[in-house]
$ cat final37.csv   # CSV, C-alpha atoms and all ligand atoms
chain,number,residue,atom,x,y,z
H,225,MET,CA,40.4,-50.1,39.2
H,226,THR,CA,42.0,-51.8,36.2
H,227,SER,CA,45.6,-51.7,35.1
H,228,ALA,CA,44.5,-48.8,32.9
H,229,ARG,CA,45.0,-46.4,35.8
H,230,THR,CA,48.5,-45.2,35.7
H,231,GLY,CA,48.6,-42.6,38.4
H,232,VAL,CA,46.9,-39.5,39.5
H,233,GLY,CA,46.6,-36.7,36.9
H,234,VAL,CA,48.5,-33.5,37.0
H,235,GLY,CA,47.3,-29.9,37.3
H,236,VAL,CA,47.2,-27.6,34.4
H,237,GLU,CA,47.4,-23.8,34.5
H,238,LEU,CA,46.8,-21.6,31.6
H,239,THR,CA,47.5,-18.0,32.7
H,240,ASP,CA,46.5,-14.8,31.0
H,241,LEU,CA,46.9,-16.3,27.5
H,242,THR,CA,46.5,-14.1,24.5
H,243,ARG,CA,46.8,-15.2,20.9
H,244,VAL,CA,46.6,-12.6,18.1
H,245,TYR,CA,46.3,-13.6,14.4
H,246,GLY,CA,46.7,-10.4,12.4
H,247,THR,CA,43.7,-8.3,13.6
H,248,VAL,CA,41.9,-11.2,15.3
H,249,LYS,CA,42.3,-11.8,19.0
H,250,ALA,CA,41.6,-15.5,19.3
H,251,LEU,CA,42.5,-15.5,23.0
H,252,ASP,CA,42.2,-12.3,25.0
H,253,GLY,CA,43.5,-13.0,28.5
H,254,LEU,CA,42.4,-16.6,29.0
H,255,THR,CA,43.1,-18.0,32.5
H,256,LEU,CA,42.0,-21.5,33.3
H,257,HIS,CA,43.2,-23.8,36.1
H,258,ILE,CA,42.4,-27.5,35.9
H,259,GLU,CA,42.8,-29.7,39.0
H,260,PRO,CA,44.8,-33.0,38.9
H,261,GLY,CA,42.5,-35.7,37.4
H,262,GLU,CA,39.8,-33.2,36.7
H,263,PHE,CA,37.6,-33.3,33.5
H,264,VAL,CA,37.0,-29.7,32.3
H,265,ALA,CA,34.8,-29.0,29.3
H,266,LEU,CA,35.5,-25.7,27.5
H,267,LEU,CA,32.2,-24.6,26.1
H,268,GLY,CA,31.5,-21.7,23.7
H,269,PRO,CA,30.3,-20.7,20.3
H,270,SER,CA,32.3,-21.3,17.1
H,271,GLY,CA,35.2,-18.9,16.9
H,272,CYS,CA,35.5,-18.1,20.6
H,273,GLY,CA,39.0,-19.5,20.8
H,274,LYS,CA,38.5,-23.1,22.2
H,275,THR,CA,40.7,-24.8,19.6
H,276,THR,CA,43.4,-22.1,20.0
H,277,ALA,CA,43.5,-22.7,23.7
H,278,LEU,CA,43.7,-26.5,23.3
H,279,ARG,CA,46.5,-26.2,20.7
H,280,ILE,CA,48.5,-23.8,22.9
H,281,LEU,CA,48.2,-26.3,25.8
H,282,ALA,CA,49.3,-29.1,23.4
H,283,GLY,CA,52.3,-27.0,22.2
H,284,LEU,CA,50.9,-27.0,18.6
H,285,ASP,CA,50.5,-23.3,18.6
H,286,GLU,CA,52.3,-20.5,20.5
H,287,ALA,CA,50.7,-17.9,22.7
H,288,THR,CA,51.4,-14.3,21.9
H,289,SER,CA,51.7,-13.8,25.7
H,290,GLY,CA,50.8,-15.7,28.9
H,291,THR,CA,52.1,-19.0,30.3
H,292,VAL,CA,51.2,-22.7,30.3
H,293,SER,CA,52.1,-24.9,33.2
H,294,VAL,CA,51.6,-28.6,33.5
H,295,GLY,CA,52.2,-30.5,36.7
H,296,GLY,CA,53.7,-27.4,38.2
H,297,ARG,CA,56.3,-27.1,35.5
H,298,ASP,CA,56.3,-24.1,33.1
H,299,VAL,CA,56.1,-25.6,29.6
H,300,THR,CA,55.3,-22.4,27.7
H,301,SER,CA,58.4,-23.0,25.5
H,302,VAL,CA,58.5,-26.8,25.5
H,303,PRO,CA,57.8,-28.3,22.1
H,304,ALA,CA,54.7,-30.4,21.5
H,305,ASN,CA,56.6,-33.7,21.3
H,306,LYS,CA,58.0,-33.2,24.8
H,307,ARG,CA,54.7,-32.4,26.4
H,308,ASP,CA,53.1,-35.9,26.5
H,309,MET,CA,49.6,-34.8,25.5
H,310,GLY,CA,47.0,-37.4,24.3
H,311,MET,CA,44.8,-35.8,21.6
H,312,VAL,CA,41.5,-36.8,20.0
H,313,PHE,CA,40.2,-34.6,17.2
H,314,GLN,CA,36.8,-34.2,15.5
H,315,ALA,CA,37.1,-37.3,13.3
H,316,TYR,CA,38.9,-39.4,10.8
H,317,SER,CA,42.3,-39.1,12.3
H,318,LEU,CA,43.2,-42.8,12.3
H,319,PHE,CA,45.9,-43.9,9.9
H,320,PRO,CA,43.9,-45.7,7.2
H,321,HIS,CA,46.7,-48.2,6.4
H,322,LEU,CA,47.0,-49.5,10.0
H,323,THR,CA,44.6,-51.7,11.9
H,324,ALA,CA,42.9,-50.5,15.1
H,325,LEU,CA,45.6,-52.3,17.2
H,326,GLN,CA,48.4,-50.8,15.1
H,327,ASN,CA,46.9,-47.4,15.4
H,328,VAL,CA,46.8,-47.7,19.2
H,329,GLU,CA,50.4,-49.0,19.2
H,330,PHE,CA,51.6,-46.2,17.0
H,331,GLY,CA,52.5,-43.6,19.7
H,332,LEU,CA,54.2,-46.3,21.7
H,333,LYS,CA,56.3,-47.3,18.7
H,334,VAL,CA,57.3,-43.6,18.2
H,335,ARG,CA,58.3,-43.5,21.8
H,336,GLY,CA,60.5,-46.5,21.4
H,337,ARG,CA,58.7,-48.9,23.7
H,338,ASP,CA,59.6,-52.5,23.0
H,339,ARG,CA,57.4,-54.7,20.9
H,340,SER,CA,55.8,-57.0,23.4
H,341,LYS,CA,55.0,-54.2,25.9
H,342,ARG,CA,53.5,-52.2,23.1
H,343,SER,CA,51.1,-54.8,21.9
H,344,THR,CA,50.1,-55.7,25.5
H,345,ARG,CA,49.4,-52.1,26.3
H,346,ALA,CA,47.6,-51.5,23.0
H,347,ALA,CA,45.4,-54.6,23.6
H,348,GLU,CA,44.6,-53.3,27.1
H,349,MET,CA,43.6,-49.9,25.7
H,350,LEU,CA,41.3,-51.4,23.0
H,351,ASP,CA,39.7,-53.5,25.8
H,352,LEU,CA,39.2,-50.4,27.9
H,353,VAL,CA,37.2,-48.8,25.0
H,354,GLY,CA,35.3,-52.0,24.3
H,355,LEU,CA,36.9,-52.8,21.0
H,356,SER,CA,38.9,-55.9,21.5
H,357,ALA,CA,36.9,-57.7,18.9
H,358,HIS,CA,37.8,-55.1,16.3
H,359,ALA,CA,41.6,-55.1,16.8
H,360,ASP,CA,42.4,-56.2,13.2
H,361,LYS,CA,40.0,-53.8,11.5
H,362,TYR,CA,41.0,-50.9,9.4
H,363,ALA,CA,39.3,-47.5,9.8
H,364,ALA,CA,37.3,-48.0,6.6
H,365,GLU,CA,35.7,-51.1,8.2
H,366,MET,CA,34.6,-49.3,11.4
H,367,SER,CA,31.8,-46.9,12.1
H,368,GLY,CA,32.6,-43.3,13.1
H,369,GLY,CA,31.9,-44.1,16.7
H,370,GLN,CA,34.3,-47.0,16.7
H,371,GLN,CA,37.0,-45.0,15.0
H,372,GLN,CA,36.7,-42.4,17.7
H,373,ARG,CA,37.0,-45.1,20.4
H,374,VAL,CA,40.2,-46.2,18.7
H,375,ALA,CA,41.4,-42.6,18.6
H,376,LEU,CA,40.7,-42.4,22.4
H,377,ALA,CA,42.6,-45.6,23.0
H,378,ARG,CA,45.5,-44.4,20.9
H,379,ALA,CA,45.5,-41.1,22.9
H,380,LEU,CA,45.6,-42.9,26.2
H,381,ALA,CA,48.0,-45.6,25.3
H,382,ILE,CA,51.0,-43.3,25.8
H,383,GLU,CA,49.9,-42.6,29.4
H,384,PRO,CA,49.6,-38.9,28.6
H,385,SER,CA,49.9,-36.3,31.3
H,386,VAL,CA,46.8,-34.6,29.9
H,387,LEU,CA,44.1,-35.8,27.5
H,388,LEU,CA,42.8,-33.2,25.0
H,389,LEU,CA,39.6,-33.7,23.0
H,390,ASP,CA,38.6,-31.2,20.4
H,391,GLU,CA,34.9,-31.7,19.5
H,392,PRO,CA,35.4,-35.5,19.3
H,393,LEU,CA,31.7,-36.2,18.9
H,394,SER,CA,30.6,-33.6,16.4
H,395,ALA,CA,30.8,-35.7,13.3
H,396,LEU,CA,28.7,-38.5,14.8
H,397,ASP,CA,24.9,-38.9,14.8
H,398,ALA,CA,22.9,-38.0,17.9
H,399,LYS,CA,22.5,-41.5,19.4
H,400,VAL,CA,26.2,-42.5,19.0
H,401,ARG,CA,27.1,-39.1,20.2
H,402,SER,CA,25.5,-39.4,23.6
H,403,GLN,CA,26.7,-43.1,24.0
H,404,LEU,CA,30.3,-42.1,23.2
H,405,ARG,CA,30.1,-39.1,25.4
H,406,ASP,CA,29.2,-41.2,28.4
H,407,GLU,CA,31.9,-43.7,27.3
H,408,ILE,CA,34.6,-41.0,27.3
H,409,ARG,CA,33.6,-40.0,30.8
H,410,ARG,CA,33.6,-43.6,32.1
H,411,VAL,CA,37.1,-44.2,30.6
H,412,GLN,CA,38.4,-40.9,32.0
H,413,LEU,CA,37.2,-41.7,35.5
H,414,GLU,CA,38.8,-45.1,35.2
H,415,VAL,CA,42.2,-43.8,34.1
H,416,GLY,CA,42.1,-40.6,36.1
H,417,THR,CA,43.9,-38.5,33.4
H,418,THR,CA,43.4,-34.7,33.6
H,419,THR,CA,41.2,-33.9,30.7
H,420,LEU,CA,40.2,-30.8,28.6
H,421,PHE,CA,37.3,-31.4,26.4
H,422,VAL,CA,36.3,-28.7,23.9
H,423,THR,CA,32.7,-28.4,22.6
H,424,HIS,CA,30.2,-25.9,21.4
H,425,ASP,CA,27.3,-28.2,22.6
H,426,GLN,CA,26.1,-27.2,26.0
H,427,GLU,CA,24.3,-30.5,26.7
H,428,GLU,CA,27.5,-32.4,26.0
H,429,ALA,CA,29.5,-30.1,28.3
H,430,LEU,CA,27.0,-30.3,31.1
H,431,ALA,CA,26.8,-34.1,30.9
H,432,VAL,CA,30.4,-35.0,31.1
H,433,ALA,CA,32.4,-32.4,33.0
H,434,ASP,CA,33.5,-31.9,36.6
H,435,ARG,CA,33.5,-28.2,35.7
H,436,VAL,CA,32.4,-26.4,32.6
H,437,GLY,CA,34.4,-23.3,31.4
H,438,VAL,CA,32.2,-21.1,29.4
H,439,MET,CA,34.2,-19.1,26.8
H,440,SER,CA,33.3,-16.0,24.8
H,441,GLN,CA,35.5,-13.9,22.6
H,442,GLY,CA,38.8,-15.4,23.8
H,443,ARG,CA,38.0,-15.2,27.5
H,444,LEU,CA,36.6,-17.4,30.2
H,445,GLU,CA,33.2,-16.1,31.4
H,446,GLN,CA,32.6,-18.7,34.1
H,447,LEU,CA,34.2,-21.9,35.4
H,448,ALA,CA,32.0,-24.0,37.7
H,449,PRO,CA,30.3,-27.3,38.1
H,450,PRO,CA,27.6,-28.0,35.5
H,451,ALA,CA,24.7,-27.5,37.9
H,452,GLN,CA,26.1,-24.2,39.1
H,453,VAL,CA,26.7,-22.9,35.5
H,454,TYR,CA,23.1,-23.8,34.8
H,455,ALA,CA,21.5,-22.4,37.9
H,456,ASN,CA,23.8,-19.5,38.7
H,457,PRO,CA,25.1,-18.2,35.4
H,458,ALA,CA,27.7,-15.5,36.2
H,459,THR,CA,27.0,-13.4,33.2
H,460,PRO,CA,24.2,-12.7,30.7
H,461,PHE,CA,26.3,-14.5,28.1
H,462,VAL,CA,26.5,-17.7,30.1
H,463,ALA,CA,22.7,-17.5,30.9
H,464,GLU,CA,21.9,-17.2,27.2
H,465,PHE,CA,24.4,-19.7,25.9
H,466,VAL,CA,23.7,-22.4,28.5
H,467,GLY,CA,20.0,-23.0,28.0
H,468,LEU,CA,17.6,-21.3,25.8
H,469,ASN,CA,16.3,-18.2,27.5
H,470,ASN,CA,13.2,-16.1,27.2
H,471,ARG,CA,13.6,-12.4,27.6
H,472,VAL,CA,10.8,-10.9,29.7
H,473,PRO,CA,10.5,-7.3,31.0
H,474,ALA,CA,10.9,-7.3,34.8
H,475,ARG,CA,11.1,-4.7,37.6
H,476,VAL,CA,13.7,-5.2,40.3
H,477,GLU,CA,13.1,-3.9,43.9
H,478,ALA,CA,15.2,-4.8,46.8
H,479,GLY,CA,16.8,-7.9,45.3
H,480,ARG,CA,13.5,-9.3,44.0
H,481,ALA,CA,12.2,-9.4,40.4
H,482,LEU,CA,8.6,-8.7,39.6
H,483,LEU,CA,7.5,-10.3,36.3
H,484,LEU,CA,4.4,-12.1,34.9
H,485,GLY,CA,2.6,-11.5,38.1
H,486,ALA,CA,5.2,-13.3,40.2
H,487,THR,CA,8.0,-12.2,42.6
H,488,VAL,CA,11.2,-14.2,42.6
H,489,PRO,CA,14.7,-13.5,44.0
H,490,THR,CA,17.4,-12.3,41.6
H,491,LEU,CA,20.8,-13.9,40.9
H,492,ASP,CA,24.1,-12.1,41.6
H,493,GLY,CA,25.0,-10.0,38.7
H,494,SER,CA,21.5,-8.7,38.3
H,495,ILE,CA,20.6,-5.0,38.3
H,496,ALA,CA,20.0,-3.7,41.8
H,497,ASN,CA,16.9,-1.7,41.1
H,498,GLY,CA,14.5,-0.5,38.4
H,499,GLN,CA,13.3,-1.8,35.0
H,500,GLY,CA,15.2,-4.5,33.2
H,501,THR,CA,15.0,-7.8,31.2
H,502,ALA,CA,14.8,-11.1,33.0
H,503,LEU,CA,16.3,-14.2,31.4
H,504,LEU,CA,13.8,-17.0,32.0
H,505,ARG,CA,14.4,-20.6,31.1
H,506,PRO,CA,11.7,-22.5,29.2
H,507,GLU,CA,11.4,-24.9,32.2
H,508,SER,CA,10.8,-22.0,34.5
H,509,VAL,CA,7.7,-20.8,32.7
H,510,THR,CA,4.4,-22.2,33.9
H,511,VAL,CA,1.3,-22.3,31.8
H,512,THR,CA,-2.2,-22.7,33.2
H,513,ALA,CA,-5.5,-23.1,31.3
H,514,ASP,CA,-7.6,-20.0,31.9
H,515,PRO,CA,-10.6,-18.9,29.8
H,516,ALA,CA,-10.1,-15.4,31.1
H,517,GLY,CA,-6.3,-15.5,30.5
H,518,THR,CA,-4.7,-12.8,28.4
H,519,ALA,CA,-2.1,-15.0,26.8
H,520,THR,CA,-2.7,-17.4,23.9
H,521,VAL,CA,-1.1,-20.7,22.9
H,522,LYS,CA,0.5,-20.3,19.5
H,523,SER,CA,1.8,-23.8,18.9
H,524,VAL,CA,3.0,-26.9,20.7
H,525,ALA,CA,6.1,-28.9,19.6
H,526,PHE,CA,6.2,-32.5,20.8
H,527,LEU,CA,9.8,-33.6,21.7
H,528,GLY,CA,9.1,-37.0,23.3
H,529,PRO,CA,9.0,-36.8,27.1
H,530,ILE,CA,8.8,-33.0,27.0
H,531,SER,CA,7.0,-30.6,24.8
H,532,ARG,CA,7.6,-26.9,24.0
H,533,VAL,CA,4.5,-24.7,24.3
H,534,TYR,CA,4.8,-21.3,22.6
H,535,VAL,CA,2.7,-18.7,24.3
H,536,GLU,CA,1.9,-15.2,23.0
H,537,LEU,CA,1.6,-12.4,25.6
H,538,PRO,CA,-0.7,-9.4,25.1
H,539,ASP,CA,2.3,-7.3,24.1
H,540,ALA,CA,3.0,-9.9,21.3
H,541,THR,CA,6.1,-11.3,23.0
H,542,VAL,CA,6.3,-15.1,22.5
H,543,LEU,CA,7.4,-17.2,25.4
H,544,ASP,CA,8.9,-20.7,25.1
H,545,ALA,CA,7.6,-22.9,27.9
H,546,GLN,CA,8.9,-26.4,28.5
H,547,LEU,CA,6.3,-28.8,29.9
H,548,SER,CA,6.1,-32.5,30.3
H,549,SER,CA,4.3,-33.9,27.2
H,550,ALA,CA,1.6,-35.2,29.5
H,551,ALA,CA,1.0,-31.6,30.8
H,552,ALA,CA,1.3,-30.1,27.3
H,553,ARG,CA,-1.4,-32.3,26.0
H,554,ALA,CA,-4.0,-29.9,27.7
H,555,PHE,CA,-3.0,-27.1,25.4
H,556,GLU,CA,-4.2,-26.5,21.8
H,557,PRO,CA,-3.2,-23.6,19.6
H,558,GLY,CA,-5.6,-20.7,20.3
H,559,ALA,CA,-6.2,-21.7,23.9
H,560,ARG,CA,-6.4,-18.9,26.5
H,561,VAL,CA,-3.9,-19.3,29.2
H,562,THR,CA,-2.1,-17.6,32.1
H,563,VAL,CA,1.7,-17.8,32.3
H,564,GLY,CA,3.7,-17.6,35.5
H,565,VAL,CA,7.2,-18.3,36.8
H,566,GLU,CA,8.6,-21.1,38.9
H,567,PRO,CA,10.1,-19.7,42.1
H,568,THR,CA,13.8,-19.9,40.9
H,569,ARG,CA,16.4,-17.2,41.1
H,570,LEU,CA,16.6,-15.2,37.8
H,571,LEU,CA,19.2,-13.0,36.2
H,572,VAL,CA,17.8,-9.6,35.4
H,573,VAL,CA,19.9,-7.4,33.1
H,574,SER,CA,19.5,-3.8,32.0
H,601,LIG,N1,45.6,-20.0,12.0
H,601,LIG,C1,44.8,-19.0,12.1
H,601,LIG,N2,44.9,-17.9,11.4
H,601,LIG,C2,44.1,-16.8,11.5
H,601,LIG,N3,43.0,-16.8,12.3
H,601,LIG,C3,42.8,-17.9,13.1
H,601,LIG,C4,43.7,-19.0,13.0
H,601,LIG,N4,43.2,-20.0,13.9
H,601,LIG,C5,42.1,-19.4,14.5
H,601,LIG,N5,41.9,-18.2,14.0
H,601,LIG,C6,40.8,-17.3,14.4
H,601,LIG,O1,40.8,-17.2,15.8
H,601,LIG,C7,39.5,-17.2,16.3
H,601,LIG,C8,39.3,-18.4,17.3
H,601,LIG,O2,39.4,-19.6,16.5
H,601,LIG,P1,39.3,-21.1,17.2
H,601,LIG,O3,40.2,-21.2,18.3
H,601,LIG,O4,39.4,-22.1,16.1
H,601,LIG,O5,37.8,-21.1,17.7
H,601,LIG,P2,36.8,-22.3,18.1
H,601,LIG,O6,37.6,-23.5,18.3
H,601,LIG,O7,36.2,-21.8,19.4
H,601,LIG,O8,35.7,-22.3,17.1
H,601,LIG,C9,38.6,-17.3,15.1
H,601,LIG,O9,38.2,-16.0,14.9
H,601,LIG,C10,39.4,-17.9,14.1
H,601,LIG,O10,39.0,-17.4,12.8
H,602,MG,MG,37.4,-25.3,17.3
$ encode --input "final37.csv" --output "structure tokens" --more "lines below"
Ligand SMILES: Nc1ncnc2c1ncn2[C@@H]1O[C@H](COP(=O)(O)OP(=O)(O)O)[C@@H](O)[C@H]1O
Ligand SMILES: [Mg+2]
Amino acid sequence: MTSARTGVGVGVELTDLTRVYGTVKALDGLTLHIEPGEFVALLGPSGCGKTTALRILAGLDEATSGTVSVGGRDVTSVPANKRDMGMVFQAYSLFPHLTALQNVEFGLKVRGRDRSKRSTRAAEMLDLVGLSAHADKYAAEMSGGQQQRVALARALAIEPSVLLLDEPLSALDAKVRSQLRDEIRRVQLEVGTTTLFVTHDQEEALAVADRVGVMSQGRLEQLAPPAQVYANPATPFVAEFVGLNNRVPARVEAGRALLLGATVPTLDGSIANGQGTALLRPESVTVTADPAGTATVKSVAFLGPISRVYVELPDATVLDAQLSSAAARAFEPGARVTVGVEPTRLLVVS
């Protein structure tokens, strides 16, 4: 490890937080525990309360009820400037009249660190994010991605107890976004700072986090490692929000779902018996060429390595099937096919 690592992270406990704005309940009993050094991504649609949760953890907003503890200490009524949080926002938060290095030094200056230590530390942090060569540039001379790297270096320079990132990638274009996403994770692993990363982008959350907390309407629906959130969604909301889902009529009998001529086990949270709706991921739909098939290919969308094949069933339901582009090449619009289901566990709701 480099000198960037300043110690193990601290645990964070948000307990039963509510935040009411007039008639809006931005948070409605949010409980979220983050382990020391852990990287948690809070994922949810716009308006579900992610920013409110982050601001309350930072001390920039006050909860209507509930508690915030950091490193085992109740900080619910501690002001923001005494909480030592490093923050990175959506974009354009650098001071335009300061260079990259001066931006990174800023927090250290405010905290009264002496000049030589400040510039050594700031240079180290710029090095950590790969921007040593840009130390003397102003924000206007840097790309959006570079500016966000400086913002990350600035947030980490003060050796924060917790690093908070609120949609830090959403103003960047797709390629830079995935590069910087991986860069943020690399840096976080290197420094070991407990991190809360807020995003509405499921791919982003799944790619970076130790655990993903899926939020809906001011509450946490599930908190689990990415693979588990994906394979074992705890609620229909999680199943639908994390991954596009097809809705297919299914019958449940003794813990097994019957649909599209297949029988597959059901996930916890499914109905126990009777008729319901299965949530089926595009990659779990199989498509087989079959001149006697009752389903018809409507269209094929090429997405590089994978393609989406839209198939219409006899009841006019259209299923979204994800195939490798090599496999999808066999299907033309109008082709007769049979669809099936990969043998994965499915959530079946009423
Ligand atoms: N300062 C505020 N005044 C009034 N309503 C607010 C305020 N901040 C947030 N809200 C409302 O609280 C809800 C949650 O907002 P927010 O935490 O920003 O969601 P997210 O970050 O997930 O998009 C939204 O309905 C939003 O309109
Ligand atoms: Mg927000």
$ closest_residue --input "final37.csv" --among "H:Phe330, H:Tyr454, H:Phe313, H:Phe421" --to "Arg345 (chain H)" --atoms "only C-alpha atoms"
H:Phe330
$ residues_near_ligand --input "final37.csv" --ligand "ligand MG 602 (chain H)" --cutoff "7 Å" --atoms "only C-alpha atoms and all ligand atoms" --output "PDB file with C-alpha atoms, in the frame of the given file"
ATOM      1  CA  SER H 270      32.300 -21.300  17.100  1.00  0.00           C
ATOM      2  CA  GLY H 271      35.200 -18.900  16.900  1.00  0.00           C
ATOM      3  CA  GLY H 273      39.000 -19.500  20.800  1.00  0.00           C
ATOM      4  CA  LYS H 274      38.500 -23.100  22.200  1.00  0.00           C
ATOM      5  CA  THR H 275      40.700 -24.800  19.600  1.00  0.00           C
ATOM      6  CA  ASP H 390      38.600 -31.200  20.400  1.00  0.00           C
TER       7      ASP H 390
END
$ closest_residue --input "final37.csv" --among "H:Pro506, H:Pro529, H:Gly517, H:Gly268" --to "Gly467 (chain H)" --atoms "only C-alpha atoms"
H:Pro506
$ residues_near_ligand --input "final37.csv" --ligand "ligand LIG 601 (chain H)" --cutoff "8 Å" --atoms "all atoms listed in the file" --output "mmCIF file with C-alpha atoms, in the coordinates of the input"
data_model
loop_
_atom_site.group_PDB
_atom_site.id
_atom_site.type_symbol
_atom_site.label_atom_id
_atom_site.label_comp_id
_atom_site.auth_asym_id
_atom_site.auth_seq_id
_atom_site.Cartn_x
_atom_site.Cartn_y
_atom_site.Cartn_z
ATOM 1 C CA VAL H 244 46.600 -12.600 18.100
ATOM 2 C CA TYR H 245 46.300 -13.600 14.400
ATOM 3 C CA GLY H 246 46.700 -10.400 12.400
ATOM 4 C CA VAL H 248 41.900 -11.200 15.300
ATOM 5 C CA LYS H 249 42.300 -11.800 19.000
ATOM 6 C CA ALA H 250 41.600 -15.500 19.300
ATOM 7 C CA LEU H 251 42.500 -15.500 23.000
ATOM 8 C CA GLY H 268 31.500 -21.700 23.700
ATOM 9 C CA PRO H 269 30.300 -20.700 20.300
ATOM 10 C CA SER H 270 32.300 -21.300 17.100
ATOM 11 C CA GLY H 271 35.200 -18.900 16.900
ATOM 12 C CA CYS H 272 35.500 -18.100 20.600
ATOM 13 C CA GLY H 273 39.000 -19.500 20.800
ATOM 14 C CA LYS H 274 38.500 -23.100 22.200
ATOM 15 C CA THR H 275 40.700 -24.800 19.600
ATOM 16 C CA THR H 276 43.400 -22.100 20.000
ATOM 17 C CA ALA H 277 43.500 -22.700 23.700
ATOM 18 C CA VAL H 422 36.300 -28.700 23.900
ATOM 19 C CA HIS H 424 30.200 -25.900 21.400
ATOM 20 C CA GLN H 441 35.500 -13.900 22.600
ATOM 21 C CA GLY H 442 38.800 -15.400 23.800
#
$ atom_distance --input "final37.csv" --atom1 "CA of Leu537 (chain H)" --atom2 "CA of Val521 (chain H)"
9.1 Å
$ closest_residue --input "final37.csv" --among "H:Ile258, H:Ile530, H:Ala474, H:Leu388" --to "Arg435 (chain H)" --atoms "only C-alpha atoms"
H:Ile258
$ closest_residue --input "final37.csv" --among "H:Ser494, H:Thr512, H:Ser385, H:Ser394" --to "Gly295 (chain H)" --atoms "all atoms listed in the file"
H:Ser385
$ closest_residue --input "final37.csv" --among "H:Val436, H:Leu238, H:Leu483, H:Leu447" --to "Ile280 (chain H)" --atoms "all atoms listed in the file"
H:Leu238
$ residues_around --input "final37.csv" --residues "Glu262 (chain H)" --least-positions-apart "3" --cutoff "7 Å" --atoms "all atoms listed in the file" --output "PyMOL selection string"
chain H and resi 258-259+418-419+434
$ atom_distance --input "final37.csv" --atom1 "CA of Leu350 (chain H)" --atom2 "CA of Glu428 (chain H)"
23.7 Å
$ atom_distance --input "final37.csv" --atom1 "CA of Gly564 (chain H)" --atom2 "CA of Val462 (chain H)"
23.4 Å
$ residues_around --input "final37.csv" --residues "Gly528 (chain H)" --least-positions-apart "2" --cutoff "12 Å" --atoms "only C-alpha atoms" --output "list in words"
Ala525, Phe526, Ile530, Ser531, Arg532, Gln546, Leu547, Ser548, Ser549, Ala550, Ala552 and Arg553 of chain H
